[in-house]
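Reading through the structure tokens given below for one structure.
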Amino acid sequence: DGGITQSPKYLFRKEGQNVTLSCEQNLNHDAMYWYRQDPGQGLRLIYYSQIVNDFQKGDIAEGYSVSREKKESFPLTVTSAQKNPTAFYLCASSKASRKSYNEQFFGPGTRLTVL
Amino acid sequence: KNEVEQSPQNLTAQEGEFITINCSYSVGISALHWLQQHPGGGIVSLFMLSSGKKKHGRLIATINIQEKHSSLHITASHPRDSAVYICAVTRSNTGNQFYFGTGTSLTVIP
């Protein structure tokens with residue numbers, strides 16, 4: 001079945017460590033997105049990519065990095081520079097279009113806790 | 001101020017009740033989306049609309065472009081409808097980027 005997978009579901013990290021969250025999709029979508037969700041707040045965009053080897057910062061990119069070497073994969077690295085990384089992270093994908101709109105499909109999420 | 005506002009934040013209903021969740025936005029949009037997030041965290045898309053009304057089973061979504069307002073209705077609510085319902089918009093000049101409301105947490109009691 002087509003869909004988006006994220007791993008791991010739960011992740012624990014010590015302060016000062018970098019950690020990479022995986023996101024894979026087999027929907028043949030060009031665009032992929034990373035969001036962060038905190039209690040009482042709407043989802044916020046971290047990074048997005050419209051095409052392989054290209055990505056743009058979202059509203060809260062500081063302390064995060066991404067790569068898009070393959071169409072199917074868009075990993076997110078939470079670096080030690082991210083001051084408050086404990087959150088729920090969601091990956092999404094969609095057909096890409098700069099001028100119109102498309103449904104986004106979401107992965108199951110990764111809950112990151114910094115100890 | 002958030003560009004997308006939802007009300008109420010929390011809602012408790014008895015099974016069988018008719019439920020309405022509201023969404024207002026302050027920017028020009030190309031589409032409005034209603035999403036459902038279950039306790040496990042995964043999100044599914046319920047509706048994408050740019051005008052009028054859409055219906056799927058017991059769910060109905062409406063949008064009034066002039067008033068910049070949308071409603072999500074659930075008829076004959078059931079405990080399995082318990083979830084967080086999120087309104088999101090794609091703005092007219094930013095491609096497919098979503099801008100999200102904070103969500104409405106719905107609990108349906110048997």
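Chains: A, B, ... in order of the structure tokens. Residues: from 1 per chain. Ligands: from 1, in order shown.
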
Interface rows for chain B against chain A: nearest pair, Å to one decimal, 12 Å, only C-alpha atoms, as a Markdown table:
```
| residue | atom | partner | partner_atom | distance |
| --- | --- | --- | --- | --- |
| B:Asn2 | CA | A:Gly42 | CA | 9.1 |
| B:Glu3 | CA | A:Gly42 | CA | 10.7 |
| B:Val4 | CA | A:Gly42 | CA | 9.1 |
| B:Glu5 | CA | A:Gly42 | CA | 9.8 |
| B:Gln6 | CA | A:Gly42 | CA | 10.3 |
| B:Gln9 | CA | A:Gly40 | CA | 9.1 |
| B:Asn10 | CA | A:Gly40 | CA | 11.0 |
| B:Ile29 | CA | A:Tyr101 | CA | 9.8 |
| B:Ser30 | CA | A:Tyr101 | CA | 6.8 |
| B:Ala31 | CA | A:Tyr101 | CA | 6.8 |
| B:Leu32 | CA | A:Tyr101 | CA | 9.6 |
| B:His33 | CA | A:Glu103 | CA | 8.1 |
| B:Trp34 | CA | A:Glu103 | CA | 10.3 |
| B:Leu35 | CA | A:Gln104 | CA | 9.9 |
| B:Gln36 | CA | A:Phe106 | CA | 10.8 |
| B:Gln37 | CA | A:Pro108 | CA | 9.9 |
| B:His38 | CA | A:Pro108 | CA | 10.1 |
| B:Pro39 | CA | A:Pro108 | CA | 10.9 |
| B:Gly40 | CA | A:Pro108 | CA | 7.8 |
| B:Gly41 | CA | A:Pro108 | CA | 6.2 |
| B:Gly42 | CA | A:Pro108 | CA | 4.2 |
| B:Ile43 | CA | A:Phe106 | CA | 5.8 |
| B:Val44 | CA | A:Phe106 | CA | 6.7 |
| B:Ser45 | CA | A:Phe105 | CA | 7.2 |
| B:Leu46 | CA | A:Glu103 | CA | 9.8 |
| B:Phe47 | CA | A:Glu103 | CA | 8.8 |
| B:Met48 | CA | A:Glu103 | CA | 7.0 |
| B:Leu49 | CA | A:Glu103 | CA | 10.2 |
| B:Ser50 | CA | A:Tyr101 | CA | 10.0 |
| B:Val84 | CA | A:Gly42 | CA | 11.3 |
| B:Tyr85 | CA | A:Gly42 | CA | 11.1 |
| B:Ile86 | CA | A:Gly42 | CA | 8.3 |
| B:Cys87 | CA | A:Gly42 | CA | 9.3 |
| B:Ala88 | CA | A:Gly42 | CA | 9.2 |
| B:Val89 | CA | A:Tyr101 | CA | 9.7 |
| B:Thr90 | CA | A:Tyr101 | CA | 6.8 |
| B:Arg91 | CA | A:Tyr101 | CA | 8.9 |
| B:Ser92 | CA | A:Lys99 | CA | 8.2 |
| B:Asn93 | CA | A:Lys99 | CA | 7.4 |
| B:Thr94 | CA | A:Arg98 | CA | 7.2 |
| B:Gly95 | CA | A:Arg98 | CA | 4.3 |
| B:Asn96 | CA | A:Tyr101 | CA | 4.9 |
| B:Gln97 | CA | A:Tyr101 | CA | 8.3 |
| B:Phe98 | CA | A:Leu45 | CA | 8.2 |
| B:Tyr99 | CA | A:Arg44 | CA | 7.7 |
| B:Phe100 | CA | A:Gly42 | CA | 5.3 |
| B:Gly101 | CA | A:Gly42 | CA | 5.2 |
| B:Thr102 | CA | A:Gly42 | CA | 4.0 |
| B:Gly103 | CA | A:Gly42 | CA | 6.8 |
| B:Thr104 | CA | A:Gly40 | CA | 10.0 |
| B:Ser105 | CA | A:Gly40 | CA | 10.4 |
```

Could you write out that same residue set with C-alpha atoms as a PDB file, in the first residue's frame?
```
ATOM      1  CA  ASN B   2      -2.832  33.386  14.260  1.00  0.00           C
ATOM      2  CA  GLU B   3      -4.033  33.588  10.681  1.00  0.00           C
ATOM      3  CA  VAL B   4      -6.349  30.627  11.308  1.00  0.00           C
ATOM      4  CA  GLU B   5      -8.593  30.563  14.358  1.00  0.00           C
ATOM      5  CA  GLN B   6     -10.752  27.653  15.485  1.00  0.00           C
ATOM      6  CA  GLN B   9     -10.875  24.617  21.607  1.00  0.00           C
ATOM      7  CA  ASN B  10     -12.515  21.735  23.434  1.00  0.00           C
ATOM      8  CA  ILE B  29      -6.711  31.458   0.428  1.00  0.00           C
ATOM      9  CA  SER B  30      -6.694  29.007  -2.447  1.00  0.00           C
ATOM     10  CA  ALA B  31      -8.173  26.196  -0.353  1.00  0.00           C
ATOM     11  CA  LEU B  32      -9.241  25.224   3.142  1.00  0.00           C
ATOM     12  CA  HIS B  33      -8.582  21.797   4.622  1.00  0.00           C
ATOM     13  CA  TRP B  34     -10.179  19.910   7.483  1.00  0.00           C
ATOM     14  CA  LEU B  35      -7.935  17.298   9.085  1.00  0.00           C
ATOM     15  CA  GLN B  36      -8.502  14.717  11.798  1.00  0.00           C
ATOM     16  CA  GLN B  37      -5.856  13.717  14.329  1.00  0.00           C
ATOM     17  CA  HIS B  38      -6.451  10.640  16.479  1.00  0.00           C
ATOM     18  CA  PRO B  39      -4.840  10.107  19.895  1.00  0.00           C
ATOM     19  CA  GLY B  40      -1.993   8.127  18.325  1.00  0.00           C
ATOM     20  CA  GLY B  41      -0.962  11.280  16.486  1.00  0.00           C
ATOM     21  CA  GLY B  42      -1.463  10.422  12.846  1.00  0.00           C
ATOM     22  CA  ILE B  43      -3.369  12.938  10.726  1.00  0.00           C
ATOM     23  CA  VAL B  44      -5.798  12.208   7.913  1.00  0.00           C
ATOM     24  CA  SER B  45      -7.359  14.626   5.492  1.00  0.00           C
ATOM     25  CA  LEU B  46     -11.144  14.874   5.691  1.00  0.00           C
ATOM     26  CA  PHE B  47     -11.961  17.633   3.225  1.00  0.00           C
ATOM     27  CA  MET B  48     -10.320  20.077   0.876  1.00  0.00           C
ATOM     28  CA  LEU B  49     -12.619  22.826  -0.350  1.00  0.00           C
ATOM     29  CA  SER B  50     -12.483  26.201  -2.002  1.00  0.00           C
ATOM     30  CA  VAL B  84      -8.679  16.561  17.335  1.00  0.00           C
ATOM     31  CA  TYR B  85     -10.050  18.354  14.277  1.00  0.00           C
ATOM     32  CA  ILE B  86      -7.682  20.771  12.605  1.00  0.00           C
ATOM     33  CA  CYS B  87      -8.449  23.505  10.111  1.00  0.00           C
ATOM     34  CA  ALA B  88      -5.688  24.524   7.698  1.00  0.00           C
ATOM     35  CA  VAL B  89      -5.492  26.876   4.734  1.00  0.00           C
ATOM     36  CA  THR B  90      -3.286  27.184   1.699  1.00  0.00           C
ATOM     37  CA  ARG B  91      -2.738  30.826   0.931  1.00  0.00           C
ATOM     38  CA  SER B  92      -3.264  32.334  -2.492  1.00  0.00           C
ATOM     39  CA  ASN B  93       0.375  33.234  -3.096  1.00  0.00           C
ATOM     40  CA  THR B  94       2.386  30.527  -1.341  1.00  0.00           C
ATOM     41  CA  GLY B  95       1.799  27.392  -3.375  1.00  0.00           C
ATOM     42  CA  ASN B  96       0.927  24.375  -1.274  1.00  0.00           C
ATOM     43  CA  GLN B  97       2.144  25.524   2.141  1.00  0.00           C
ATOM     44  CA  PHE B  98      -0.378  24.843   4.886  1.00  0.00           C
ATOM     45  CA  TYR B  99      -1.191  27.256   7.720  1.00  0.00           C
ATOM     46  CA  PHE B 100      -2.840  25.516  10.645  1.00  0.00           C
ATOM     47  CA  GLY B 101      -5.320  26.343  13.361  1.00  0.00           C
ATOM     48  CA  THR B 102      -4.670  25.047  16.876  1.00  0.00           C
ATOM     49  CA  GLY B 103      -7.291  22.336  16.629  1.00  0.00           C
ATOM     50  CA  THR B 104     -10.540  21.434  18.365  1.00  0.00           C
ATOM     51  CA  SER B 105     -10.437  18.485  20.727  1.00  0.00           C
TER      52      SER B 105
END
```

Show me, as a CSV table (one decimal) with C-alpha atoms, in the first residue's frame, the residues that have an atom within 10 Å of Arg80 (chain B) when counting only C-alpha atoms, minus same-chain residues fewer than 5 positions from it.
```csv
chain,number,residue,atom,x,y,z
B,15,GLU,CA,-23.4,10.3,21.4
B,38,HIS,CA,-6.5,10.6,16.5
B,107,THR,CA,-14.8,13.9,23.0
B,108,VAL,CA,-18.1,12.0,22.3
B,109,ILE,CA,-19.4,10.3,25.4
B,110,PRO,CA,-21.5,7.1,25.0
```

DSSP strand (DSSP E) residues within chain A, listed as number ranges by chain: A: 4-7, 10-13, 19-25, 31-37, 44-51, 54-57, 64-66, 76-78, 87-94, 105-106, 110-114

When you draw a straight line from CA of Val52 (chain A) to CA of Asn26 (chain A), how long is it in Å?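 Straight-line distance from CA of Val52 (chain A) to CA of Asn26 (chain A) works out to 14.3 Å.
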